[in-house]
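Dumped coords-v9.cif below, it's mmCIF, C-alpha atoms:
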```cif
data_model
#
loop_
_atom_site.label_atom_id
_atom_site.label_comp_id
_atom_site.auth_asym_id
_atom_site.auth_seq_id
_atom_site.Cartn_x
_atom_site.Cartn_y
_atom_site.Cartn_z
CA MET A 1 -18.80 -7.44 -5.78
CA SER A 2 -17.92 -8.87 -2.39
CA ASP A 3 -20.43 -10.84 -0.37
CA TRP A 4 -21.63 -10.01 3.11
CA GLU A 5 -19.74 -12.04 5.73
CA GLU A 6 -20.81 -12.79 9.29
CA VAL A 7 -18.21 -11.20 11.54
CA ALA A 8 -19.92 -11.40 14.95
CA LYS A 9 -23.20 -12.10 16.72
CA VAL A 10 -25.42 -9.39 18.20
CA GLY A 11 -24.52 -9.05 21.90
CA GLU A 12 -20.97 -10.31 21.40
CA ILE A 13 -19.42 -6.81 21.44
CA GLU A 14 -20.24 -4.59 24.40
CA THR A 15 -21.31 -0.99 23.82
CA GLY A 16 -18.31 1.32 23.54
CA THR A 17 -15.88 -1.45 22.61
CA CYS A 18 -14.55 -3.09 19.48
CA LYS A 19 -13.31 -6.41 18.19
CA SER A 20 -10.82 -7.15 15.43
CA VAL A 21 -12.41 -9.35 12.73
CA ASP A 22 -11.51 -10.62 9.27
CA VAL A 23 -13.48 -9.29 6.29
CA ASP A 24 -12.49 -10.90 3.01
CA GLY A 25 -8.84 -11.19 4.12
CA THR A 26 -8.60 -7.70 5.67
CA GLN A 27 -8.37 -7.09 9.43
CA VAL A 28 -11.20 -4.76 10.44
CA ALA A 29 -12.08 -3.11 13.77
CA LEU A 30 -15.80 -3.68 14.44
CA PHE A 31 -17.34 -1.22 16.93
CA ASN A 32 -20.59 -1.17 18.91
CA LEU A 33 -21.78 2.38 19.59
CA ASP A 34 -25.04 2.14 21.52
CA GLY A 35 -26.27 -0.84 19.49
CA GLU A 36 -25.15 0.53 16.12
CA TYR A 37 -22.23 -1.23 14.47
CA TYR A 38 -19.41 0.36 12.48
CA ALA A 39 -16.29 -1.03 10.86
CA ILE A 40 -12.98 0.53 9.82
CA GLU A 41 -9.78 -1.12 8.72
CA ASP A 42 -7.78 -2.19 11.76
CA VAL A 43 -4.75 -0.04 10.96
CA CYS A 44 -3.58 3.41 12.01
CA THR A 45 -2.66 5.33 8.85
CA HIS A 46 0.17 7.03 10.73
CA ASP A 47 2.32 3.99 11.49
CA GLY A 48 0.40 0.84 10.56
CA SER A 49 -0.35 -0.31 14.12
CA GLU A 50 -3.64 -1.96 15.11
CA ILE A 51 -6.29 0.65 15.86
CA SER A 52 -8.56 -1.88 17.65
CA CYS A 53 -6.19 -1.76 20.65
CA GLY A 54 -6.91 1.95 21.04
CA ILE A 55 -9.21 3.86 23.36
CA VAL A 56 -12.83 4.49 22.36
CA LEU A 57 -13.81 8.08 23.18
CA GLY A 58 -17.46 8.54 22.24
CA GLU A 59 -17.51 8.24 18.44
CA GLU A 60 -13.70 8.39 18.13
CA ILE A 61 -10.90 5.86 18.42
CA MET A 62 -7.50 7.02 19.64
CA CYS A 63 -4.45 5.11 18.45
CA PRO A 64 -2.60 3.60 21.43
CA ARG A 65 0.86 4.37 19.99
CA HIS A 66 0.91 8.07 19.12
CA GLY A 67 -2.58 9.41 19.89
CA ALA A 68 -3.95 9.92 16.36
CA ARG A 69 -7.76 10.06 16.43
CA PHE A 70 -10.27 8.79 13.89
CA CYS A 71 -14.06 8.91 13.52
CA ILE A 72 -15.41 5.41 14.17
CA LYS A 73 -18.40 6.00 11.88
CA THR A 74 -16.47 7.16 8.81
CA GLY A 75 -12.75 6.47 9.36
CA GLU A 76 -12.02 10.18 8.93
CA VAL A 77 -8.80 11.33 10.60
CA LEU A 78 -9.55 13.84 13.36
CA ALA A 79 -6.15 14.51 14.95
CA PRO A 80 -2.47 14.13 14.00
CA PRO A 81 0.00 12.61 13.75
CA ALA A 82 -2.15 10.76 11.17
CA TYR A 83 -3.23 12.70 8.08
CA GLU A 84 -4.93 9.98 6.02
CA ASP A 85 -8.39 8.52 6.68
CA ILE A 86 -8.92 4.85 7.52
CA GLU A 87 -11.03 2.80 5.08
CA SER A 88 -14.57 2.19 6.37
CA PHE A 89 -16.68 -0.89 5.63
CA PRO A 90 -20.47 -1.31 5.33
CA VAL A 91 -22.06 -3.19 8.25
CA ARG A 92 -25.56 -4.60 8.64
CA VAL A 93 -27.46 -6.69 11.16
CA LYS A 94 -29.44 -9.62 9.81
CA GLY A 95 -31.28 -11.49 12.52
CA HIS A 96 -28.66 -12.10 15.22
CA SER A 97 -25.77 -11.87 12.77
CA ILE A 98 -23.54 -8.81 12.32
CA GLN A 99 -22.29 -8.77 8.75
CA ALA A 100 -19.72 -6.67 6.89
CA ARG A 101 -18.28 -6.57 3.41
CA ASP A 102 -15.33 -5.04 1.63
CA LYS A 103 -16.84 -2.51 -0.80
CA ARG A 104 -13.45 -1.91 -2.43
CA TRP A 105 -14.01 -4.99 -4.63
CA ASP A 106 -17.28 -3.69 -6.14
#
```
Before we go any further, please render this structure as structure tokens.
Amino acid sequence: MSDWEEVAKVGEIETGTCKSVDVDGTQVALFNLDGEYYAIEDVCTHDGSEISCGIVLGEEIMCPRHGARFCIKTGEVLAPPAYEDIESFPVRVKGHSIQARDKRWD
């Protein structure tokens, strides 16, 4: 089972934006949606580009290269050209620390 890792501090990521962070050796896009934090792997399943460079549209992230859209909360693909979901990661806030972990190792 992987341990929780501090990936950011509360207030470090503005609402409606994201930051690329490392979680147990995996690049992850960490989002702030109105004070709630979500994390998905920082990769577009269509072509492997970084999704954290994309445009946040409400609860969706649009890939900057070809326009694929994904749900920030779940990683579910919402629009082609991608057809595979992005892996999501559990996130919690403990004090002023935002923590995430890679559940794939459980």
Task: Residues near stretch 66-71 of chain A, cut-off 9 Å, all atoms listed in the file, skip fewer than 3 positions along chain, as a ChimeraX atom specification - done: /A:44-47,54,59-63,74-83,85-86
Open item on the list: I'd like to know which of A:Gln27, A:Ser97, A:Gly58, A:Glu41 is closest to A:Val10, using only C-alpha atoms.
Closed with: A:Ser97
TODO: Mind giving me the straight-line distance from atom CA of A:Leu33 to atom CA of A:Glu5 in Å, one decimal?
DONE: 20.1 Å
Open item on the list: One decimal, in Å: what's the spacing between atom CA of A:Asp3 and atom CA of A:Val93?
Closed with: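 Taking atom CA of A:Asp3 as the start and atom CA of A:Val93 as the end point, the length is 14.1 Å.
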Task: Using all atoms listed in the file: which of A:Ile72, A:Leu57, A:Val43, A:Gly35 has the shortest distance to A:Gly11 - done: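 Of all the options, A:Gly35 lies closest to A:Gly11.
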Task: Which of A:Ala100, A:Ala29, A:Val23, A:Ile40 sits closest to A:Ser52 [using only C-alpha atoms] - done: A:Ala29
For a quick check of your reading of the model, name the residues lying within 6 Å of the coordinate (-15.5, -1.5, 15.6), counting all atoms listed in the file, and write them as a PDB file with C-alpha atoms, keeping the file's coordinate frame.
```pdb
ATOM      1  CA  CYS A  18     -14.550  -3.090  19.480  1.00  0.00           C
ATOM      2  CA  LYS A  19     -13.310  -6.410  18.190  1.00  0.00           C
ATOM      3  CA  ALA A  29     -12.080  -3.110  13.770  1.00  0.00           C
ATOM      4  CA  LEU A  30     -15.800  -3.680  14.440  1.00  0.00           C
ATOM      5  CA  PHE A  31     -17.340  -1.220  16.930  1.00  0.00           C
ATOM      6  CA  TYR A  38     -19.410   0.360  12.480  1.00  0.00           C
ATOM      7  CA  ALA A  39     -16.290  -1.030  10.860  1.00  0.00           C
TER       8      ALA A  39
END
```
- [ ] Kindly resolve the PyMOL selection byres ((chain A and resi 24) around 12) on the present coordinates and return the residues as a ChimeraX atom specification.
- [x] /A:1-7,21-23,25-28,41,89,99-105
Task: Between atom CA of A:Asp34 and atom CA of A:Lys73 - distance in Å to one decimal - done: 12.3 Å
Would you mind writing stretch 8-29 of chain A with N, CA and C atoms, as a PDB file, in the frame of the given file?
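File written: part.pdb
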```
ATOM      1  N   ALA A   8     -19.632 -11.294  13.517  1.00  0.00           N
ATOM      2  CA  ALA A   8     -19.920 -11.400  14.950  1.00  0.00           C
ATOM      3  C   ALA A   8     -21.409 -11.650  15.134  1.00  0.00           C
ATOM      4  N   LYS A   9     -21.797 -11.946  16.349  1.00  0.00           N
ATOM      5  CA  LYS A   9     -23.200 -12.100  16.720  1.00  0.00           C
ATOM      6  C   LYS A   9     -23.625 -10.877  17.532  1.00  0.00           C
ATOM      7  N   VAL A  10     -24.879 -10.483  17.399  1.00  0.00           N
ATOM      8  CA  VAL A  10     -25.420  -9.390  18.200  1.00  0.00           C
ATOM      9  C   VAL A  10     -25.237  -9.758  19.678  1.00  0.00           C
ATOM     10  N   GLY A  11     -24.765  -8.813  20.474  1.00  0.00           N
ATOM     11  CA  GLY A  11     -24.520  -9.050  21.900  1.00  0.00           C
ATOM     12  C   GLY A  11     -23.110  -9.500  22.211  1.00  0.00           C
ATOM     13  N   GLU A  12     -22.337  -9.831  21.198  1.00  0.00           N
ATOM     14  CA  GLU A  12     -20.970 -10.310  21.400  1.00  0.00           C
ATOM     15  C   GLU A  12     -19.995  -9.170  21.726  1.00  0.00           C
ATOM     16  N   ILE A  13     -20.286  -7.964  21.225  1.00  0.00           N
ATOM     17  CA  ILE A  13     -19.420  -6.810  21.440  1.00  0.00           C
ATOM     18  C   ILE A  13     -20.152  -5.812  22.329  1.00  0.00           C
ATOM     19  N   GLU A  14     -19.595  -5.513  23.478  1.00  0.00           N
ATOM     20  CA  GLU A  14     -20.240  -4.590  24.400  1.00  0.00           C
ATOM     21  C   GLU A  14     -20.229  -3.172  23.846  1.00  0.00           C
ATOM     22  N   THR A  15     -21.235  -2.381  24.238  1.00  0.00           N
ATOM     23  CA  THR A  15     -21.310  -0.990  23.820  1.00  0.00           C
ATOM     24  C   THR A  15     -20.033  -0.253  24.214  1.00  0.00           C
ATOM     25  N   GLY A  16     -19.508   0.540  23.278  1.00  0.00           N
ATOM     26  CA  GLY A  16     -18.310   1.320  23.540  1.00  0.00           C
ATOM     27  C   GLY A  16     -17.010   0.554  23.387  1.00  0.00           C
ATOM     28  N   THR A  17     -17.083  -0.652  22.817  1.00  0.00           N
ATOM     29  CA  THR A  17     -15.880  -1.450  22.610  1.00  0.00           C
ATOM     30  C   THR A  17     -15.806  -1.895  21.150  1.00  0.00           C
ATOM     31  N   CYS A  18     -14.701  -2.564  20.833  1.00  0.00           N
ATOM     32  CA  CYS A  18     -14.550  -3.090  19.480  1.00  0.00           C
ATOM     33  C   CYS A  18     -13.881  -4.444  19.513  1.00  0.00           C
ATOM     34  N   LYS A  19     -13.912  -5.088  18.362  1.00  0.00           N
ATOM     35  CA  LYS A  19     -13.310  -6.410  18.190  1.00  0.00           C
ATOM     36  C   LYS A  19     -12.668  -6.432  16.818  1.00  0.00           C
ATOM     37  N   SER A  20     -11.480  -6.999  16.719  1.00  0.00           N
ATOM     38  CA  SER A  20     -10.820  -7.150  15.430  1.00  0.00           C
ATOM     39  C   SER A  20     -11.379  -8.402  14.748  1.00  0.00           C
ATOM     40  N   VAL A  21     -11.824  -8.252  13.497  1.00  0.00           N
ATOM     41  CA  VAL A  21     -12.410  -9.350  12.730  1.00  0.00           C
ATOM     42  C   VAL A  21     -11.802  -9.377  11.337  1.00  0.00           C
ATOM     43  N   ASP A  22     -11.992 -10.480  10.639  1.00  0.00           N
ATOM     44  CA  ASP A  22     -11.510 -10.620   9.270  1.00  0.00           C
ATOM     45  C   ASP A  22     -12.685 -10.405   8.310  1.00  0.00           C
ATOM     46  N   VAL A  23     -12.491  -9.509   7.335  1.00  0.00           N
ATOM     47  CA  VAL A  23     -13.480  -9.290   6.290  1.00  0.00           C
ATOM     48  C   VAL A  23     -12.774  -9.486   4.952  1.00  0.00           C
ATOM     49  N   ASP A  24     -13.048 -10.599   4.327  1.00  0.00           N
ATOM     50  CA  ASP A  24     -12.490 -10.900   3.010  1.00  0.00           C
ATOM     51  C   ASP A  24     -10.963 -10.755   2.983  1.00  0.00           C
ATOM     52  N   GLY A  25     -10.293 -11.215   4.058  1.00  0.00           N
ATOM     53  CA  GLY A  25      -8.840 -11.190   4.120  1.00  0.00           C
ATOM     54  C   GLY A  25      -8.235  -9.907   4.672  1.00  0.00           C
ATOM     55  N   THR A  26      -9.071  -8.968   5.104  1.00  0.00           N
ATOM     56  CA  THR A  26      -8.600  -7.700   5.670  1.00  0.00           C
ATOM     57  C   THR A  26      -8.984  -7.639   7.139  1.00  0.00           C
ATOM     58  N   GLN A  27      -8.043  -7.263   8.016  1.00  0.00           N
ATOM     59  CA  GLN A  27      -8.370  -7.090   9.430  1.00  0.00           C
ATOM     60  C   GLN A  27      -9.143  -5.776   9.601  1.00  0.00           C
ATOM     61  N   VAL A  28     -10.265  -5.875  10.283  1.00  0.00           N
ATOM     62  CA  VAL A  28     -11.200  -4.760  10.440  1.00  0.00           C
ATOM     63  C   VAL A  28     -11.551  -4.631  11.912  1.00  0.00           C
ATOM     64  N   ALA A  29     -11.630  -3.384  12.398  1.00  0.00           N
ATOM     65  CA  ALA A  29     -12.080  -3.110  13.770  1.00  0.00           C
ATOM     66  C   ALA A  29     -13.587  -2.883  13.718  1.00  0.00           C
TER      67      ALA A  29
END
```
